[in-house]
Amino acid sequence: MASNAFDTSQVKDKRDAVNGRFTKIKSMAAGRRAKLNESHRLHQFFRDLDDEESWIKEKKLLVSSEDYGRDLTGVQNLRKKHKRLEAELGAHEPAIQSVLDTGKKLSDDNTIGQEEIQQRLAQFVDHWKELKDLSGARGQRLEESLEYQQFVANVEEEEAWINEKLNLVGSEDYGDTLAAVQGLLKKHEAFETDFTVHRDRVNDVCVNGEELIKKETWRNLQKIIKERELELQKEQRRQEENDKLRQEFAQHANAFHQWLQETRSCMVEESGTLESQLEATKRKHQEIRAMRSQLKKIEDLGAAMEEALILDNKYTEHSTVGLAQQWDQLDQLGMRMQHNLEQQIQARNTTGVTEEALKEFSMMFKHFDKEKSGRLNHQEFKSCLRSLGYDLPMVEEGEPDPEFESILDTVDPNRDGNVSLQEYMAFMISRETENVKSSEEIESAFRALSTENKPYVTKEELYQNLTKEQADYCLSHMKPYLDGKGRELPSAFDFVEFTRSLFVN
């Protein structure tokens, strides 16, 4: 500075500006810190308040009970529980007061949420007071119920004694010997002594009963008994309504499950031509989709049962979840079967695999599909292949089976443990046509049937070299052969166009 190399006034201005901004930031940071602390205390208070509100709500459920005991032992146990609850309320009061003090201090000191604090505190005070009032009222009613049940117990005890002694004093046995008479006199003297004691007890019971009638206790007890009776009637109606709901759900659920089983069996056991099976399967699948509305009704009834807290149903073993899963499986089975039948029709039309062979494959699959699920496990699939003539070696369980594993690589590459009807049919069709590699090979085969290597084959040549079924199929799908001038040759059929159309399709 002394060298005058700098503009000192400019340096001082910048220094003061930096100091001023730093001081401002420091002040703002301190203010923000204070606000954050204030917000933290506020939210901590709200959390503590929520905890106390939950605790009060839990205790209110206990003190709001209408159960005052059905006998002396019952009311004594309830009274002991209530005494423990009252002790718990007394022990918890400092925590309640601490929350109130914290809230009041926050309300006085804070600017954030002041109105909300005051509203919450007012509600909290009301809830605490309501809890204590309910506790006091329940304690009073339990004391009244105890007095009444004690009276009832005393009455029952004296009535039992009276019934027992009636047999004695009503006896007409006066003794037939001196010894017998003396024995009976001793028993009667003992009875008179006992009678004096119980006479005082009976008098006490009668006085106690008169006092109960005169006191407010009796009217309160009558009110309690009436309320209890109304609650029991209400509960009976609720249980009757619940049982009706159970029966309605069971009726629909059982009928829907039966429909699921019958539809599955009908679809799996469908017979006839491939085209008729396909049409029948399509109709069944449309019916399955239409029945989704019935499942929705069952789900609505199930939701109503859940809302009514009905967790059991003796009228059915079915649930909405289980029925929905079975419907979805049936829907998937319908789609798979449609696709599989379309696959079989295409294979019959394009590869020459006969419909009888396809039916045999399908029939064998259905035979081993005992559960009609549209799937075979690996063991069932192996048995199915053996029934179709596959010479698979017998191996012990756990030992390697490379030949069967090679087949599984084709039909179940992801090893999910099951082979679907679609996968099975695709495998069987591929095995039936595995020797056919190209349209040229089929053309060569037809060319070999024709004499002089002609580009067409005659009707006679087809029936001479093929089975009747195969020849009929070819004639129904082959077009007449046209020569170079577009003229149709008699009894000549174009096997080249026929073969190429198979592979195009």
# chains A, B, ... in the order shown; residues from 1 in each chain; ligands from 1
call {"tool": "residues_around", "arguments": {"residues": "Arg415 in chain A", "least_positions_apart": "6", "cutoff": "12 Å", "atoms": "only C-alpha atoms", "output": "PDB file with C-alpha atoms, in the first residue's frame"}}
result
ATOM      1  CA  ASN A 377     -44.617 -83.243 -16.509  1.00  0.00           C
ATOM      2  CA  HIS A 378     -41.402 -84.854 -17.734  1.00  0.00           C
ATOM      3  CA  GLU A 405     -32.588 -84.964 -22.274  1.00  0.00           C
ATOM      4  CA  SER A 406     -31.947 -84.312 -25.960  1.00  0.00           C
ATOM      5  CA  ILE A 407     -35.711 -84.443 -26.609  1.00  0.00           C
ATOM      6  CA  LEU A 408     -36.325 -82.079 -23.666  1.00  0.00           C
ATOM      7  CA  ASP A 409     -33.847 -79.621 -25.178  1.00  0.00           C
TER       8      ASP A 409
END
call {"tool": "residues_around", "arguments": {"residues": "range 232-247 of chain A", "least_positions_apart": "6", "cutoff": "10 Å", "atoms": "only C-alpha atoms", "output": "list in words"}}
result
Lys226, Ala253, Leu301, Gly302, Ala304, Met305, Ala308, Leu309, Ile310, Leu311, Asp312, Asn313, Lys314, Tyr315 and Thr316 of chain A
call {"tool": "atom_distance", "arguments": {"atom1": "CA of Tyr424 in chain A", "atom2": "CA of Gln329 in chain A"}}
result
18.5 Å
call {"tool": "select_by_dssp", "arguments": {"residues": "range 354-421 of chain A", "states": "helix (DSSP H, G or I)", "output": "PyMOL selection string"}}
result
chain A and resi 355-368+378-387+402-411+421
call {"tool": "write_last_selection", "arguments": {"atoms": "N, CA, C and O atoms", "output": "compact mmCIF listing (two decimals), in the first residue's frame"}}
result
# COMPACT_ATOMS: atom_id res chain seq x y z
N GLU A 355 -54.56 -86.63 -40.64
CA GLU A 355 -55.38 -86.22 -39.50
C GLU A 355 -55.47 -87.33 -38.47
O GLU A 355 -55.54 -87.07 -37.27
N GLU A 356 -55.42 -88.61 -38.93
CA GLU A 356 -55.48 -89.73 -38.00
C GLU A 356 -54.25 -89.72 -37.09
O GLU A 356 -54.34 -90.00 -35.89
N ALA A 357 -53.08 -89.41 -37.69
CA ALA A 357 -51.86 -89.37 -36.88
C ALA A 357 -51.94 -88.25 -35.86
O ALA A 357 -51.57 -88.42 -34.68
N LEU A 358 -52.44 -87.09 -36.30
CA LEU A 358 -52.58 -85.97 -35.38
C LEU A 358 -53.54 -86.29 -34.25
O LEU A 358 -53.32 -85.94 -33.08
N LYS A 359 -54.64 -86.99 -34.59
CA LYS A 359 -55.61 -87.36 -33.56
C LYS A 359 -54.98 -88.34 -32.57
O LYS A 359 -55.25 -88.29 -31.37
N GLU A 360 -54.15 -89.26 -33.10
CA GLU A 360 -53.49 -90.22 -32.21
C GLU A 360 -52.55 -89.50 -31.24
O GLU A 360 -52.52 -89.81 -30.04
N PHE A 361 -51.79 -88.52 -31.76
CA PHE A 361 -50.89 -87.76 -30.89
C PHE A 361 -51.69 -87.05 -29.79
O PHE A 361 -51.34 -87.09 -28.61
N SER A 362 -52.78 -86.40 -30.23
CA SER A 362 -53.59 -85.63 -29.29
C SER A 362 -54.25 -86.54 -28.25
O SER A 362 -54.28 -86.23 -27.06
N MET A 363 -54.78 -87.68 -28.72
CA MET A 363 -55.45 -88.61 -27.82
C MET A 363 -54.48 -89.15 -26.77
O MET A 363 -54.82 -89.27 -25.58
N MET A 364 -53.25 -89.45 -27.19
CA MET A 364 -52.27 -89.98 -26.25
C MET A 364 -51.87 -88.93 -25.22
O MET A 364 -51.70 -89.23 -24.03
N PHE A 365 -51.75 -87.69 -25.66
CA PHE A 365 -51.44 -86.60 -24.72
C PHE A 365 -52.54 -86.48 -23.66
O PHE A 365 -52.28 -86.40 -22.46
N LYS A 366 -53.81 -86.47 -24.13
CA LYS A 366 -54.94 -86.33 -23.21
C LYS A 366 -55.02 -87.50 -22.25
O LYS A 366 -55.44 -87.35 -21.11
N HIS A 367 -54.61 -88.69 -22.71
CA HIS A 367 -54.64 -89.86 -21.83
C HIS A 367 -53.71 -89.68 -20.63
O HIS A 367 -54.07 -90.07 -19.50
N PHE A 368 -52.56 -89.11 -20.86
CA PHE A 368 -51.59 -88.93 -19.76
C PHE A 368 -51.79 -87.62 -19.00
O PHE A 368 -51.20 -87.44 -17.93
N HIS A 378 -42.40 -84.12 -16.95
CA HIS A 378 -41.40 -84.85 -17.73
C HIS A 378 -41.65 -86.36 -17.70
O HIS A 378 -41.48 -87.05 -18.72
N GLN A 379 -42.06 -86.90 -16.54
CA GLN A 379 -42.29 -88.34 -16.44
C GLN A 379 -43.50 -88.74 -17.27
O GLN A 379 -43.49 -89.78 -17.96
N GLU A 380 -44.56 -87.93 -17.22
CA GLU A 380 -45.76 -88.21 -18.03
C GLU A 380 -45.42 -88.12 -19.53
O GLU A 380 -45.91 -88.93 -20.33
N PHE A 381 -44.60 -87.15 -19.89
CA PHE A 381 -44.20 -86.97 -21.29
C PHE A 381 -43.40 -88.19 -21.78
O PHE A 381 -43.62 -88.69 -22.88
N LYS A 382 -42.52 -88.68 -20.92
CA LYS A 382 -41.72 -89.86 -21.29
C LYS A 382 -42.63 -91.07 -21.50
O LYS A 382 -42.48 -91.83 -22.46
N SER A 383 -43.60 -91.28 -20.59
CA SER A 383 -44.53 -92.40 -20.73
C SER A 383 -45.35 -92.26 -22.00
O SER A 383 -45.64 -93.25 -22.68
N CYS A 384 -45.74 -91.04 -22.35
CA CYS A 384 -46.50 -90.78 -23.56
C CYS A 384 -45.70 -91.16 -24.80
O CYS A 384 -46.22 -91.81 -25.72
N LEU A 385 -44.42 -90.79 -24.81
CA LEU A 385 -43.57 -91.12 -25.96
C LEU A 385 -43.41 -92.63 -26.10
O LEU A 385 -43.45 -93.17 -27.22
N ARG A 386 -43.24 -93.32 -24.98
CA ARG A 386 -43.12 -94.78 -25.03
C ARG A 386 -44.39 -95.40 -25.59
O ARG A 386 -44.33 -96.37 -26.36
N SER A 387 -45.55 -94.86 -25.21
CA SER A 387 -46.82 -95.40 -25.71
C SER A 387 -46.95 -95.19 -27.21
O SER A 387 -47.65 -95.95 -27.89
N PRO A 402 -29.34 -89.25 -21.48
CA PRO A 402 -28.99 -88.30 -22.55
C PRO A 402 -29.98 -88.27 -23.71
O PRO A 402 -30.25 -87.21 -24.26
N GLU A 403 -30.58 -89.42 -24.05
CA GLU A 403 -31.50 -89.44 -25.19
C GLU A 403 -32.76 -88.62 -24.87
O GLU A 403 -33.21 -87.81 -25.68
N PHE A 404 -33.32 -88.83 -23.66
CA PHE A 404 -34.51 -88.09 -23.28
C PHE A 404 -34.18 -86.62 -23.05
O PHE A 404 -34.98 -85.73 -23.37
N GLU A 405 -33.00 -86.35 -22.49
CA GLU A 405 -32.59 -84.96 -22.27
C GLU A 405 -32.47 -84.22 -23.60
O GLU A 405 -32.78 -83.03 -23.69
N SER A 406 -32.05 -84.93 -24.63
CA SER A 406 -31.95 -84.31 -25.96
C SER A 406 -33.33 -83.92 -26.47
O SER A 406 -33.50 -82.85 -27.10
N ILE A 407 -34.34 -84.77 -26.21
CA ILE A 407 -35.71 -84.44 -26.61
C ILE A 407 -36.21 -83.23 -25.82
O ILE A 407 -36.84 -82.32 -26.36
N LEU A 408 -35.90 -83.20 -24.51
CA LEU A 408 -36.32 -82.08 -23.67
C LEU A 408 -35.69 -80.77 -24.12
O LEU A 408 -36.28 -79.70 -23.94
N ASP A 409 -34.50 -80.84 -24.67
CA ASP A 409 -33.85 -79.62 -25.18
C ASP A 409 -34.71 -78.97 -26.25
O ASP A 409 -34.66 -77.75 -26.46
N THR A 410 -35.52 -79.78 -26.94
CA THR A 410 -36.39 -79.27 -28.00
C THR A 410 -37.72 -78.78 -27.44
O THR A 410 -38.18 -77.68 -27.77
N VAL A 411 -38.36 -79.62 -26.59
CA VAL A 411 -39.72 -79.30 -26.15
C VAL A 411 -39.76 -78.46 -24.88
O VAL A 411 -40.76 -77.79 -24.61
N LEU A 421 -49.35 -78.87 -24.55
CA LEU A 421 -49.90 -79.57 -25.71
C LEU A 421 -49.33 -78.98 -27.00
O LEU A 421 -49.01 -79.71 -27.93
call {"tool": "atom_distance", "arguments": {"atom1": "CA of Asp328 in chain A", "atom2": "CA of Lys372 in chain A"}}
result
14.5 Å
call {"tool": "closest_atom_pairs", "arguments": {"of": "range 183-207 of chain A", "to": "range 174-179 of chain A", "cutoff": "12 Å", "atoms": "only C-alpha atoms", "output": "CSV"}}
result
residue,atom,partner,partner_atom,distance
A:Gly183,CA,A:Ala179,CA,6.2
A:Leu184,CA,A:Gly175,CA,7.2
A:Leu185,CA,A:Tyr174,CA,9.1
A:Lys186,CA,A:Ala179,CA,10.8
A:Lys187,CA,A:Tyr174,CA,11.7
A:His188,CA,A:Tyr174,CA,11.0
call {"tool": "write_last_selection", "arguments": {"atoms": "all heavy atoms", "output": "short mmCIF file (atom, residue, chain, number, x, y, z; two decimals), in the first residue's frame"}}
result
data_model
loop_
_atom_site.label_atom_id
_atom_site.label_comp_id
_atom_site.auth_asym_id
_atom_site.auth_seq_id
_atom_site.Cartn_x
_atom_site.Cartn_y
_atom_site.Cartn_z
N GLY A 183 -80.13 -90.73 66.56
CA GLY A 183 -79.28 -90.25 65.46
C GLY A 183 -79.96 -89.14 64.68
O GLY A 183 -79.34 -88.13 64.32
N LEU A 184 -81.25 -89.31 64.43
CA LEU A 184 -81.99 -88.29 63.70
C LEU A 184 -82.11 -87.00 64.50
O LEU A 184 -82.06 -85.89 63.95
CB LEU A 184 -83.38 -88.80 63.34
CG LEU A 184 -83.43 -89.92 62.27
CD1 LEU A 184 -84.84 -90.47 62.14
CD2 LEU A 184 -82.94 -89.39 60.92
N LEU A 185 -82.25 -87.12 65.83
CA LEU A 185 -82.31 -85.92 66.68
C LEU A 185 -81.00 -85.15 66.63
O LEU A 185 -81.00 -83.90 66.59
CB LEU A 185 -82.64 -86.34 68.13
CG LEU A 185 -84.11 -86.70 68.40
CD1 LEU A 185 -84.26 -87.32 69.79
CD2 LEU A 185 -85.00 -85.46 68.28
N LYS A 186 -79.89 -85.86 66.64
CA LYS A 186 -78.59 -85.18 66.57
C LYS A 186 -78.45 -84.42 65.24
O LYS A 186 -77.97 -83.29 65.19
CB LYS A 186 -77.47 -86.21 66.71
CG LYS A 186 -77.29 -86.72 68.14
CD LYS A 186 -76.11 -87.69 68.21
CE LYS A 186 -75.92 -88.18 69.65
NZ LYS A 186 -74.81 -89.14 69.78
N LYS A 187 -78.88 -85.06 64.17
CA LYS A 187 -78.81 -84.39 62.85
C LYS A 187 -79.70 -83.16 62.84
O LYS A 187 -79.33 -82.12 62.28
CB LYS A 187 -79.26 -85.35 61.74
CG LYS A 187 -78.25 -86.42 61.39
CD LYS A 187 -78.76 -87.25 60.23
CE LYS A 187 -77.74 -88.32 59.83
NZ LYS A 187 -78.22 -89.13 58.69
N HIS A 188 -80.87 -83.26 63.49
CA HIS A 188 -81.78 -82.12 63.48
C HIS A 188 -81.24 -80.98 64.34
O HIS A 188 -81.42 -79.81 64.00
CB HIS A 188 -83.16 -82.57 64.00
CG HIS A 188 -84.22 -81.56 63.70
ND1 HIS A 188 -84.77 -81.39 62.46
CD2 HIS A 188 -84.82 -80.62 64.50
CE1 HIS A 188 -85.67 -80.43 62.47
NE2 HIS A 188 -85.72 -79.94 63.72
#
call {"tool": "atom_distance", "arguments": {"atom1": "CA of Gln182 in chain A", "atom2": "CA of Glu164 in chain A"}}
result
21.6 Å
call {"tool": "residues_around", "arguments": {"residues": "range 344-349 of chain A", "least_positions_apart": "2", "cutoff": "12 Å", "atoms": "only C-alpha atoms", "output": "PyMOL selection string"}}
result
chain A and resi 273-278+337-342+351-362+421-433+470+473-474+476-478+498-499+501-505
call {"tool": "write_last_selection", "arguments": {"atoms": "C-alpha atoms", "output": "compact mmCIF listing (two decimals), in the first residue's frame"}}
result
# COMPACT_ATOMS: atom_id res chain seq x y z
CA THR A 273 -62.56 -83.34 -37.16
CA LEU A 274 -59.88 -80.75 -36.47
CA GLU A 275 -62.12 -78.05 -37.92
CA SER A 276 -65.10 -79.05 -35.76
CA GLN A 277 -62.84 -79.18 -32.68
CA LEU A 278 -61.52 -75.73 -33.49
CA MET A 337 -55.89 -75.22 -27.62
CA GLN A 338 -57.10 -72.89 -30.40
CA HIS A 339 -53.53 -72.20 -31.44
CA ASN A 340 -52.69 -75.90 -31.25
CA LEU A 341 -55.65 -76.93 -33.45
CA GLU A 342 -54.76 -74.24 -35.98
CA THR A 351 -46.78 -81.29 -44.50
CA GLY A 352 -48.94 -84.27 -45.38
CA VAL A 353 -49.19 -85.52 -41.80
CA THR A 354 -52.51 -87.34 -41.70
CA GLU A 355 -55.38 -86.22 -39.50
CA GLU A 356 -55.48 -89.73 -38.00
CA ALA A 357 -51.86 -89.37 -36.88
CA LEU A 358 -52.58 -85.97 -35.38
CA LYS A 359 -55.61 -87.36 -33.56
CA GLU A 360 -53.49 -90.22 -32.21
CA PHE A 361 -50.89 -87.76 -30.89
CA SER A 362 -53.59 -85.63 -29.29
CA LEU A 421 -49.90 -79.57 -25.71
CA GLN A 422 -48.66 -77.00 -28.23
CA GLU A 423 -45.00 -77.87 -27.59
CA TYR A 424 -45.78 -81.59 -27.72
CA MET A 425 -47.68 -81.38 -31.02
CA ALA A 426 -44.98 -79.25 -32.61
CA PHE A 427 -42.41 -81.89 -31.61
CA MET A 428 -44.49 -84.81 -32.93
CA ILE A 429 -45.22 -83.03 -36.21
CA SER A 430 -41.55 -82.20 -36.67
CA ARG A 431 -40.64 -85.86 -36.08
CA GLU A 432 -43.22 -86.97 -38.63
CA THR A 433 -41.84 -84.61 -41.26
CA GLN A 470 -52.85 -89.70 -49.58
CA TYR A 473 -55.64 -85.50 -50.49
CA CYS A 474 -53.33 -84.73 -53.42
CA SER A 476 -58.26 -82.44 -53.83
CA HIS A 477 -55.42 -79.90 -53.56
CA MET A 478 -53.57 -80.21 -56.89
CA PHE A 498 -48.81 -78.00 -55.42
CA THR A 499 -45.45 -78.64 -53.72
CA SER A 501 -47.71 -73.81 -52.48
CA LEU A 502 -47.19 -76.10 -49.46
CA PHE A 503 -43.92 -74.43 -48.55
CA VAL A 504 -45.19 -70.95 -49.25
CA ASN A 505 -48.06 -71.54 -46.84
call {"tool": "select_by_dssp", "arguments": {"residues": "range 395-484 of chain A", "states": "strand (DSSP E)", "output": "JSON, numbers by chain"}}
result
{"A": [418, 419, 420, 457, 458, 480, 481, 482]}
call {"tool": "write_last_selection", "arguments": {"atoms": "all heavy atoms", "output": "mmCIF file, in the first residue's frame"}}
result
data_model
loop_
_atom_site.group_PDB
_atom_site.id
_atom_site.type_symbol
_atom_site.label_atom_id
_atom_site.label_comp_id
_atom_site.auth_asym_id
_atom_site.auth_seq_id
_atom_site.Cartn_x
_atom_site.Cartn_y
_atom_site.Cartn_z
ATOM 1 N N ASN A 418 -42.490 -78.751 -17.438
ATOM 2 C CA ASN A 418 -43.744 -79.144 -18.093
ATOM 3 C C ASN A 418 -43.609 -79.031 -19.606
ATOM 4 O O ASN A 418 -42.827 -78.232 -20.122
ATOM 5 C CB ASN A 418 -44.901 -78.262 -17.622
ATOM 6 C CG ASN A 418 -45.241 -78.478 -16.162
ATOM 7 O OD1 ASN A 418 -45.677 -79.549 -15.762
ATOM 8 N ND2 ASN A 418 -45.017 -77.462 -15.338
ATOM 9 N N VAL A 419 -44.421 -79.853 -20.297
ATOM 10 C CA VAL A 419 -44.502 -79.803 -21.757
ATOM 11 C C VAL A 419 -45.956 -79.524 -22.106
ATOM 12 O O VAL A 419 -46.848 -80.311 -21.757
ATOM 13 C CB VAL A 419 -44.047 -81.137 -22.385
ATOM 14 C CG1 VAL A 419 -44.188 -81.078 -23.903
ATOM 15 C CG2 VAL A 419 -42.603 -81.449 -21.990
ATOM 16 N N SER A 420 -46.197 -78.392 -22.756
ATOM 17 C CA SER A 420 -47.567 -78.037 -23.107
ATOM 18 C C SER A 420 -48.026 -78.831 -24.327
ATOM 19 O O SER A 420 -47.210 -79.421 -25.061
ATOM 20 C CB SER A 420 -47.679 -76.542 -23.416
ATOM 21 O OG SER A 420 -46.990 -76.233 -24.622
ATOM 22 N N VAL A 457 -48.237 -85.368 -62.876
ATOM 23 C CA VAL A 457 -48.510 -86.734 -62.445
ATOM 24 C C VAL A 457 -49.976 -87.027 -62.728
ATOM 25 O O VAL A 457 -50.831 -86.140 -62.640
ATOM 26 C CB VAL A 457 -48.199 -86.916 -60.938
ATOM 27 C CG1 VAL A 457 -49.116 -86.064 -60.069
ATOM 28 C CG2 VAL A 457 -48.281 -88.374 -60.520
ATOM 29 N N THR A 458 -50.262 -88.266 -63.121
ATOM 30 C CA THR A 458 -51.648 -88.607 -63.453
ATOM 31 C C THR A 458 -52.369 -89.190 -62.240
ATOM 32 O O THR A 458 -51.751 -89.599 -61.260
ATOM 33 C CB THR A 458 -51.689 -89.636 -64.592
ATOM 34 O OG1 THR A 458 -51.124 -90.866 -64.125
ATOM 35 C CG2 THR A 458 -50.924 -89.141 -65.813
ATOM 36 N N PRO A 480 -55.201 -78.807 -62.053
ATOM 37 C CA PRO A 480 -54.957 -79.503 -63.351
ATOM 38 C C PRO A 480 -53.694 -78.924 -64.026
ATOM 39 O O PRO A 480 -53.407 -77.723 -63.913
ATOM 40 C CB PRO A 480 -56.210 -79.211 -64.164
ATOM 41 C CG PRO A 480 -57.260 -78.902 -63.127
ATOM 42 C CD PRO A 480 -56.547 -78.226 -62.003
ATOM 43 N N TYR A 481 -52.982 -79.788 -64.749
ATOM 44 C CA TYR A 481 -51.748 -79.343 -65.415
ATOM 45 C C TYR A 481 -52.088 -78.698 -66.762
ATOM 46 O O TYR A 481 -52.882 -79.233 -67.537
ATOM 47 C CB TYR A 481 -50.809 -80.525 -65.614
ATOM 48 C CG TYR A 481 -49.524 -80.136 -66.310
ATOM 49 C CD1 TYR A 481 -48.516 -79.472 -65.615
ATOM 50 C CD2 TYR A 481 -49.349 -80.397 -67.665
ATOM 51 C CE1 TYR A 481 -47.352 -79.099 -66.253
ATOM 52 C CE2 TYR A 481 -48.177 -80.015 -68.315
ATOM 53 C CZ TYR A 481 -47.188 -79.360 -67.591
ATOM 54 O OH TYR A 481 -46.027 -78.976 -68.233
ATOM 55 N N LEU A 482 -51.471 -77.517 -66.990
ATOM 56 C CA LEU A 482 -51.663 -76.813 -68.265
ATOM 57 C C LEU A 482 -50.378 -76.901 -69.074
ATOM 58 O O LEU A 482 -49.281 -76.673 -68.540
ATOM 59 C CB LEU A 482 -52.034 -75.347 -68.006
ATOM 60 C CG LEU A 482 -53.266 -75.104 -67.115
ATOM 61 C CD1 LEU A 482 -53.449 -73.596 -66.903
ATOM 62 C CD2 LEU A 482 -54.508 -75.719 -67.743
#
call {"tool": "closest_residue", "arguments": {"among": "A:Arg336, A:Lys296, A:Lys459, A:Arg141", "to": "Phe249 in chain A", "atoms": "only C-alpha atoms"}}
result
A:Lys296
call {"tool": "residues_around", "arguments": {"residues": "Phe191 in chain A", "least_positions_apart": "2", "cutoff": "12 Å", "atoms": "only C-alpha atoms", "output": "ChimeraX atom specification"}}
result
/A:161-162,164-169,184-189,193-199
call {"tool": "closest_residue", "arguments": {"among": "A:Phe256, A:Tyr463, A:Trp128, A:Phe22", "to": "Ala95 in chain A", "atoms": "only C-alpha atoms"}}
result
A:Trp128
call {"tool": "decode", "arguments": {"residues": "range 361-380 of chain A", "atoms": "N, CA and C atoms", "output": "CSV table (one decimal), in the first residue's frame"}}
result
chain,number,residue,atom,x,y,z
A,361,PHE,N,-51.8,-88.5,-31.8
A,361,PHE,CA,-50.9,-87.8,-30.9
A,361,PHE,C,-51.7,-87.1,-29.8
A,362,SER,N,-52.8,-86.4,-30.2
A,362,SER,CA,-53.6,-85.6,-29.3
A,362,SER,C,-54.2,-86.5,-28.3
A,363,MET,N,-54.8,-87.7,-28.7
A,363,MET,CA,-55.5,-88.6,-27.8
A,363,MET,C,-54.5,-89.1,-26.8
A,364,MET,N,-53.2,-89.5,-27.2
A,364,MET,CA,-52.3,-90.0,-26.3
A,364,MET,C,-51.9,-88.9,-25.2
A,365,PHE,N,-51.8,-87.7,-25.7
A,365,PHE,CA,-51.4,-86.6,-24.7
A,365,PHE,C,-52.5,-86.5,-23.7
A,366,LYS,N,-53.8,-86.5,-24.1
A,366,LYS,CA,-54.9,-86.3,-23.2
A,366,LYS,C,-55.0,-87.5,-22.2
A,367,HIS,N,-54.6,-88.7,-22.7
A,367,HIS,CA,-54.6,-89.9,-21.8
A,367,HIS,C,-53.7,-89.7,-20.6
A,368,PHE,N,-52.6,-89.1,-20.9
A,368,PHE,CA,-51.6,-88.9,-19.8
A,368,PHE,C,-51.8,-87.6,-19.0
A,369,ASP,N,-52.6,-86.7,-19.6
A,369,ASP,CA,-52.9,-85.5,-18.9
A,369,ASP,C,-54.1,-85.7,-17.9
A,370,LYS,N,-53.8,-86.4,-16.8
A,370,LYS,CA,-54.9,-86.8,-15.9
A,370,LYS,C,-55.6,-85.6,-15.3
A,371,GLU,N,-54.9,-84.6,-15.0
A,371,GLU,CA,-55.5,-83.4,-14.4
A,371,GLU,C,-56.2,-82.4,-15.4
A,372,LYS,N,-56.1,-82.8,-16.7
A,372,LYS,CA,-56.7,-81.9,-17.7
A,372,LYS,C,-56.2,-80.5,-17.7
A,373,SER,N,-54.9,-80.4,-17.4
A,373,SER,CA,-54.3,-79.0,-17.3
A,373,SER,C,-53.7,-78.5,-18.6
A,374,GLY,N,-53.7,-79.4,-19.7
A,374,GLY,CA,-53.0,-79.0,-20.9
A,374,GLY,C,-51.5,-79.1,-20.9
A,375,ARG,N,-51.0,-79.8,-19.8
A,375,ARG,CA,-49.5,-79.9,-19.7
A,375,ARG,C,-49.2,-81.3,-19.1
A,376,LEU,N,-48.0,-81.8,-19.5
A,376,LEU,CA,-47.5,-83.0,-19.0
A,376,LEU,C,-46.1,-82.7,-18.3
A,377,ASN,N,-45.9,-83.4,-17.1
A,377,ASN,CA,-44.6,-83.2,-16.5
A,377,ASN,C,-43.7,-84.2,-17.3
A,378,HIS,N,-42.4,-84.1,-16.9
A,378,HIS,CA,-41.4,-84.9,-17.7
A,378,HIS,C,-41.6,-86.4,-17.7
A,379,GLN,N,-42.1,-86.9,-16.5
A,379,GLN,CA,-42.3,-88.3,-16.4
A,379,GLN,C,-43.5,-88.7,-17.3
A,380,GLU,N,-44.6,-87.9,-17.2
A,380,GLU,CA,-45.8,-88.2,-18.0
A,380,GLU,C,-45.4,-88.1,-19.5
